[in-house]
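**Student:** Contents of input_27.cif (mmCIF, C-alpha atoms and all ligand atoms):
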```cif
data_target
#
loop_
_atom_site.label_atom_id
_atom_site.label_comp_id
_atom_site.auth_asym_id
_atom_site.auth_seq_id
_atom_site.Cartn_x
_atom_site.Cartn_y
_atom_site.Cartn_z
CA MET A 281 -3.49 -26.10 7.64
CA ASN A 282 -5.06 -23.10 9.24
CA ILE A 283 -4.96 -20.07 6.97
CA PHE A 284 -5.84 -16.83 8.58
CA ILE A 285 -6.97 -13.99 6.36
CA PRO A 286 -6.99 -10.66 8.14
CA LYS A 287 -9.65 -7.98 8.01
CA ILE A 288 -8.46 -4.68 6.61
CA ILE A 289 -9.94 -1.32 7.52
CA VAL A 290 -8.79 1.80 5.69
CA LYS A 291 -9.34 5.22 7.22
CA GLU A 292 -11.54 7.26 4.88
CA THR A 293 -9.58 10.52 5.11
CA ALA A 294 -6.35 8.68 4.22
CA TYR A 295 -8.08 6.93 1.32
CA THR A 296 -9.36 10.30 0.03
CA LYS A 297 -5.78 11.62 -0.04
CA LEU A 298 -4.68 8.51 -1.89
CA LEU A 299 -7.43 8.99 -4.49
CA LYS A 300 -6.45 12.62 -5.02
CA HIS A 301 -2.81 11.66 -5.52
CA ILE A 302 -3.76 8.91 -7.98
CA TYR A 303 -6.01 11.24 -9.97
CA ASP A 304 -3.07 13.66 -10.20
CA THR A 305 -0.93 10.95 -11.84
CA ASP A 306 -3.82 10.13 -14.19
CA PHE A 307 -2.34 6.58 -14.42
CA GLN A 308 0.39 7.93 -16.71
CA TYR A 309 3.12 6.53 -14.48
CA GLU A 310 3.34 4.20 -11.49
CA THR A 311 3.39 5.66 -8.02
CA GLY A 312 3.46 4.24 -4.54
CA GLY A 313 4.54 4.39 -0.94
CA ILE A 314 4.20 2.98 2.53
CA LEU A 315 1.08 1.94 4.46
CA LEU A 316 1.02 3.15 8.05
CA GLY A 317 -1.32 1.83 10.66
CA TYR A 318 -1.97 -0.58 13.46
CA SER A 319 -2.45 -4.31 13.54
CA CYS A 320 -4.16 -6.15 16.32
CA LEU A 321 -6.15 -9.36 16.71
CA GLN A 322 -6.18 -10.21 12.98
CA ILE A 323 -7.28 -6.72 11.99
CA PHE A 324 -5.17 -4.23 10.06
CA TYR A 325 -6.18 -0.61 10.38
CA VAL A 326 -4.56 1.62 7.73
CA THR A 327 -4.42 5.23 8.95
CA ALA A 328 -2.04 6.87 6.46
CA PHE A 329 -0.21 6.48 3.16
CA THR A 330 3.08 8.06 2.16
CA PHE A 331 3.49 9.53 -1.32
CA PRO A 332 6.55 10.17 -3.51
CA ARG A 333 7.76 13.78 -3.38
CA HIS A 334 8.16 13.95 -7.15
CA SER A 335 7.63 11.79 -10.22
CA LYS A 336 11.12 12.37 -11.65
CA ASN A 337 12.06 8.69 -12.02
CA ALA A 338 8.54 7.36 -12.45
CA THR A 339 7.73 5.25 -15.49
CA LYS A 340 4.69 3.52 -16.92
CA MET A 341 5.97 0.05 -16.10
CA THR A 342 7.85 0.21 -12.82
CA PHE A 343 7.69 1.77 -9.44
CA ILE A 344 10.80 1.84 -7.30
CA LEU A 345 10.15 2.91 -3.77
CA ASN A 346 12.75 5.37 -2.55
CA GLY A 347 13.25 3.83 0.90
CA GLU A 348 15.02 6.78 2.47
CA GLU A 349 12.48 9.32 1.23
CA HIS A 350 9.50 7.28 2.38
CA MET A 351 11.04 6.57 5.78
CA GLU A 352 11.38 10.34 6.23
CA GLU A 353 7.78 10.88 5.13
CA MET A 354 6.73 8.11 7.49
CA GLU A 355 8.39 9.85 10.45
CA LYS A 356 6.56 13.09 9.57
CA VAL A 357 3.25 11.22 9.59
CA ARG A 358 4.03 9.39 12.82
CA LYS A 359 4.64 12.68 14.66
CA LYS A 360 1.05 13.73 14.00
CA PHE A 361 -0.38 10.83 15.99
CA ARG A 362 -0.58 10.38 19.73
CA PHE A 363 0.01 6.66 19.24
CA PRO A 364 2.31 6.65 16.21
CA PRO A 365 1.28 4.10 13.58
CA LYS A 366 3.88 1.69 12.26
CA LEU A 367 4.80 0.38 8.85
CA ILE A 368 2.27 -2.34 8.00
CA GLY A 369 2.77 -2.58 4.26
CA VAL A 370 3.31 -0.93 0.92
CA TRP A 371 1.16 0.27 -1.97
CA HIS A 372 1.74 1.12 -5.62
CA SER A 373 -0.29 1.77 -8.71
CA HIS A 374 -0.33 -0.02 -12.05
CA THR A 375 -0.99 1.91 -15.24
CA THR A 376 -2.89 -1.06 -16.67
CA ASP A 377 -6.00 -2.77 -15.29
CA ASP A 378 -3.85 -5.70 -14.07
CA SER A 379 -4.24 -5.82 -10.30
CA SER A 380 -2.10 -8.91 -9.76
CA LEU A 381 1.32 -8.82 -8.15
CA SER A 382 4.10 -8.98 -10.70
CA PHE A 383 7.19 -11.11 -10.21
CA GLN A 384 9.07 -7.97 -9.15
CA ASP A 385 6.27 -6.99 -6.77
CA LYS A 386 6.48 -10.39 -5.10
CA GLU A 387 10.24 -10.13 -4.78
CA SER A 388 10.15 -6.69 -3.15
CA ASN A 389 7.31 -7.82 -0.86
CA GLU A 390 9.45 -10.73 0.30
CA VAL A 391 12.26 -8.37 1.22
CA LEU A 392 9.83 -6.46 3.42
CA VAL A 393 8.45 -9.65 4.97
CA SER A 394 11.97 -10.65 5.96
CA GLN A 395 12.35 -7.27 7.69
CA PHE A 396 8.91 -6.64 9.15
CA GLY A 397 7.19 -10.02 9.30
CA GLU A 398 3.71 -10.09 7.79
CA ILE A 399 2.80 -7.16 5.54
CA LEU A 400 -0.01 -5.81 3.38
CA SER A 401 0.53 -4.97 -0.28
CA PHE A 402 -2.01 -2.76 -2.05
CA ILE A 403 -2.27 -2.44 -5.82
CA ILE A 404 -4.18 0.50 -7.27
CA THR A 405 -5.59 0.17 -10.76
CA GLN A 406 -7.91 2.05 -13.04
CA LYS A 407 -11.52 0.96 -13.12
CA GLY A 408 -13.80 2.13 -15.89
CA VAL A 409 -13.49 5.72 -17.10
CA ASP A 410 -12.58 7.49 -13.89
CA GLY A 411 -12.82 4.89 -11.19
CA ILE A 412 -10.09 3.50 -8.99
CA GLN A 413 -9.78 0.01 -7.67
CA LEU A 414 -7.82 -0.98 -4.59
CA THR A 415 -6.72 -4.61 -4.42
CA ALA A 416 -5.36 -5.70 -1.06
CA TYR A 417 -3.00 -8.61 -0.50
CA TYR A 418 -1.79 -9.99 2.78
CA ILE A 419 1.62 -11.66 2.80
CA SER A 420 2.20 -13.90 5.79
CA ARG A 421 5.47 -14.59 7.56
CA LYS A 422 5.56 -17.84 5.59
CA ARG A 423 5.30 -15.74 2.40
CA THR A 424 1.91 -17.03 1.35
CA ILE A 425 -0.18 -14.44 -0.48
CA HIS A 426 -3.88 -13.91 0.26
CA LEU A 427 -6.38 -11.61 -1.37
CA CYS A 428 -8.28 -9.58 1.26
CA LYS A 429 -11.37 -7.46 1.46
CA CYS A 430 -11.14 -3.85 2.58
CA LYS A 431 -13.59 -1.78 4.55
CA TYR A 432 -13.52 1.99 4.74
CA ASN A 433 -14.13 3.65 8.06
CA LYS A 434 -13.76 6.98 9.84
ZN ZN B 1 3.37 -3.81 -9.53
#
```
Take the structure I supplied and represent it as structure tokens, if you would.
Ligand SMILES: [Zn+2]

**Tutor:**
Amino acid sequence: MNIFIPKIIVKETAYTKLLKHIYDTDFQYETGGILLGYSCLQIFYVTAFTFPRHSKNATKMTFILNGEEHMEEMEKVRKKFRFPPKLIGVWHSHTTDDSSLSFQDKESNEVLVSQFGEILSFIITQKGVDGIQLTAYYISRKRTIHLCKCKYNK
């Protein structure tokens, strides 16, 4: 069997915004959103993240992505680009240092795979005193899960 593991490149300015948002939550509750970008020739290029508008329903243990809200945010982001990026995955934070996908995470990822084909799924966790760790998973059309490495670029 031929397993292809994609390369992931995250745009630095987008990653900086993500870090700022995560620091604001201080890992007190889970947060998350959509990954926007381009995919081509086994490379995923992440150019933007969407963020929740408020933390009203956020809890320590679960993150429920408000689909409607994030689709609206996604359209706002897309308008800023000459070649609008598309939905290539989702991201959410964990308040613990567990960077694995939970049973629920896997279930919601599978729903997205059935809609969009292959997707990326990023988990953000705390690392050390004030560090942040990004763990990237690739979920193929056949629903196999692969851990990927990320590079950060301009
Ligand atoms: Zn999770």

**Student:** Could you list, with a cut-off of 7 Å and counting only C-alpha atoms and all ligand atoms, the residues of chain A near ligand ZN 1 (chain B), each shown with its nearest atom pair and the distance in Å rounded to one decimal, rows sorted by chain and ascending number, as a Markdown table?

**Tutor:**
```
| residue | atom | partner | partner_atom | distance |
| --- | --- | --- | --- | --- |
| A:Thr342 | CA | B:ZN1 | ZN | 6.9 |
| A:His372 | CA | B:ZN1 | ZN | 6.5 |
| A:Ser373 | CA | B:ZN1 | ZN | 6.7 |
| A:His374 | CA | B:ZN1 | ZN | 5.9 |
| A:Leu381 | CA | B:ZN1 | ZN | 5.6 |
| A:Ser382 | CA | B:ZN1 | ZN | 5.4 |
| A:Asp385 | CA | B:ZN1 | ZN | 5.1 |
| A:Ile403 | CA | B:ZN1 | ZN | 6.9 |
```

**Student:** Using CA of Lys356 in chain A and CA of Pro332 in chain A as the two end points, give the distance in Å to one decimal.

**Tutor:**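 Those two atoms sit 13.4 Å apart.
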
**Student:** With distances taken over only C-alpha atoms, which of A:Ser380, A:Thr296, A:Ser319, A:Thr311 is nearest to Lys366 in chain A?

**Tutor:**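 Nearest candidate to Lys366 in chain A out of A:Ser380, A:Thr296, A:Ser319, A:Thr311: A:Ser319.
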
**Student:** Kindly provide, as a list in words, the polymer residues lying within 9 Å of (-7.7, 1.5, -8.1), counting all atoms listed in the file and using the coordinates exactly as they appear in the file.

**Tutor:**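 These residues have at least one counted atom within 9 Å: Leu299, Ile302, Ser373, His374, Asp377, Ser379, Ile403, Ile404, Thr405, Gln406, Lys407, Gly411, Ile412, Gln413, Leu414 and Thr415 of chain A.
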
**Student:** Measure the distance from CA of Gly312 in chain A to CA of Ile399 in chain A in Å and round it to one decimal.

**Tutor:** 15.2 Å

**Student:** Quick check, in Å to one decimal: how far apart do CA of Phe331 in chain A and CA of Ile314 in chain A lie?

**Tutor:** 7.6 Å

**Student:** Residues at most 12 Å from range 423-431 of chain A, counting all atoms listed in the file, excluding those fewer than 6 positions away in the same chain, as a compact mmCIF listing (two decimals) with C-alpha atoms, in the frame of the given file?

**Tutor:**
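What ended up in result.txt:
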```
# COMPACT_ATOMS: atom_id res chain seq x y z
CA ILE A 283 -4.96 -20.07 6.97
CA PHE A 284 -5.84 -16.83 8.58
CA ILE A 285 -6.97 -13.99 6.36
CA PRO A 286 -6.99 -10.66 8.14
CA LYS A 287 -9.65 -7.98 8.01
CA ILE A 288 -8.46 -4.68 6.61
CA ILE A 289 -9.94 -1.32 7.52
CA VAL A 290 -8.79 1.80 5.69
CA LYS A 291 -9.34 5.22 7.22
CA GLU A 292 -11.54 7.26 4.88
CA TYR A 295 -8.08 6.93 1.32
CA GLN A 322 -6.18 -10.21 12.98
CA ILE A 323 -7.28 -6.72 11.99
CA PHE A 324 -5.17 -4.23 10.06
CA TYR A 325 -6.18 -0.61 10.38
CA VAL A 326 -4.56 1.62 7.73
CA SER A 379 -4.24 -5.82 -10.30
CA SER A 380 -2.10 -8.91 -9.76
CA LEU A 381 1.32 -8.82 -8.15
CA ASP A 385 6.27 -6.99 -6.77
CA LYS A 386 6.48 -10.39 -5.10
CA GLU A 387 10.24 -10.13 -4.78
CA SER A 388 10.15 -6.69 -3.15
CA ASN A 389 7.31 -7.82 -0.86
CA GLU A 390 9.45 -10.73 0.30
CA VAL A 391 12.26 -8.37 1.22
CA LEU A 392 9.83 -6.46 3.42
CA VAL A 393 8.45 -9.65 4.97
CA SER A 394 11.97 -10.65 5.96
CA PHE A 396 8.91 -6.64 9.15
CA GLY A 397 7.19 -10.02 9.30
CA GLU A 398 3.71 -10.09 7.79
CA ILE A 399 2.80 -7.16 5.54
CA LEU A 400 -0.01 -5.81 3.38
CA SER A 401 0.53 -4.97 -0.28
CA PHE A 402 -2.01 -2.76 -2.05
CA ILE A 403 -2.27 -2.44 -5.82
CA GLN A 413 -9.78 0.01 -7.67
CA LEU A 414 -7.82 -0.98 -4.59
CA THR A 415 -6.72 -4.61 -4.42
CA ALA A 416 -5.36 -5.70 -1.06
CA TYR A 417 -3.00 -8.61 -0.50
```

**Student:** Using all atoms listed in the file, which residue out of A:Thr293, A:Thr330, A:Gln308, A:Asn433 lies closest to Trp371 in chain A?

**Tutor:**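 Closest residue, counting all atoms listed in the file: A:Thr330.
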
**Student:** Could you pull the residues within 10 Å of Phe363 in chain A, counting only C-alpha atoms, minus those fewer than 4 positions along the same chain, as JSON, numbers by chain?

**Tutor:** {"A": [317, 318, 358, 359]}

**Student:** Find the residues near Met341 in chain A: any atom within 9 Å, counting all atoms listed in the file, skip ones fewer than 2 places away on the same chain, and give them as number ranges by chain.

**Tutor:** A: 309-310, 338-339, 343, 374-376

**Student:** With only C-alpha atoms as the basis for distance, which of A:Thr327, A:Arg362, A:Phe307, A:Cys320 is at the shortest distance from Lys340 in chain A?

**Tutor:**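 Ranked by minimum distance to Lys340 in chain A, first place goes to A:Phe307.
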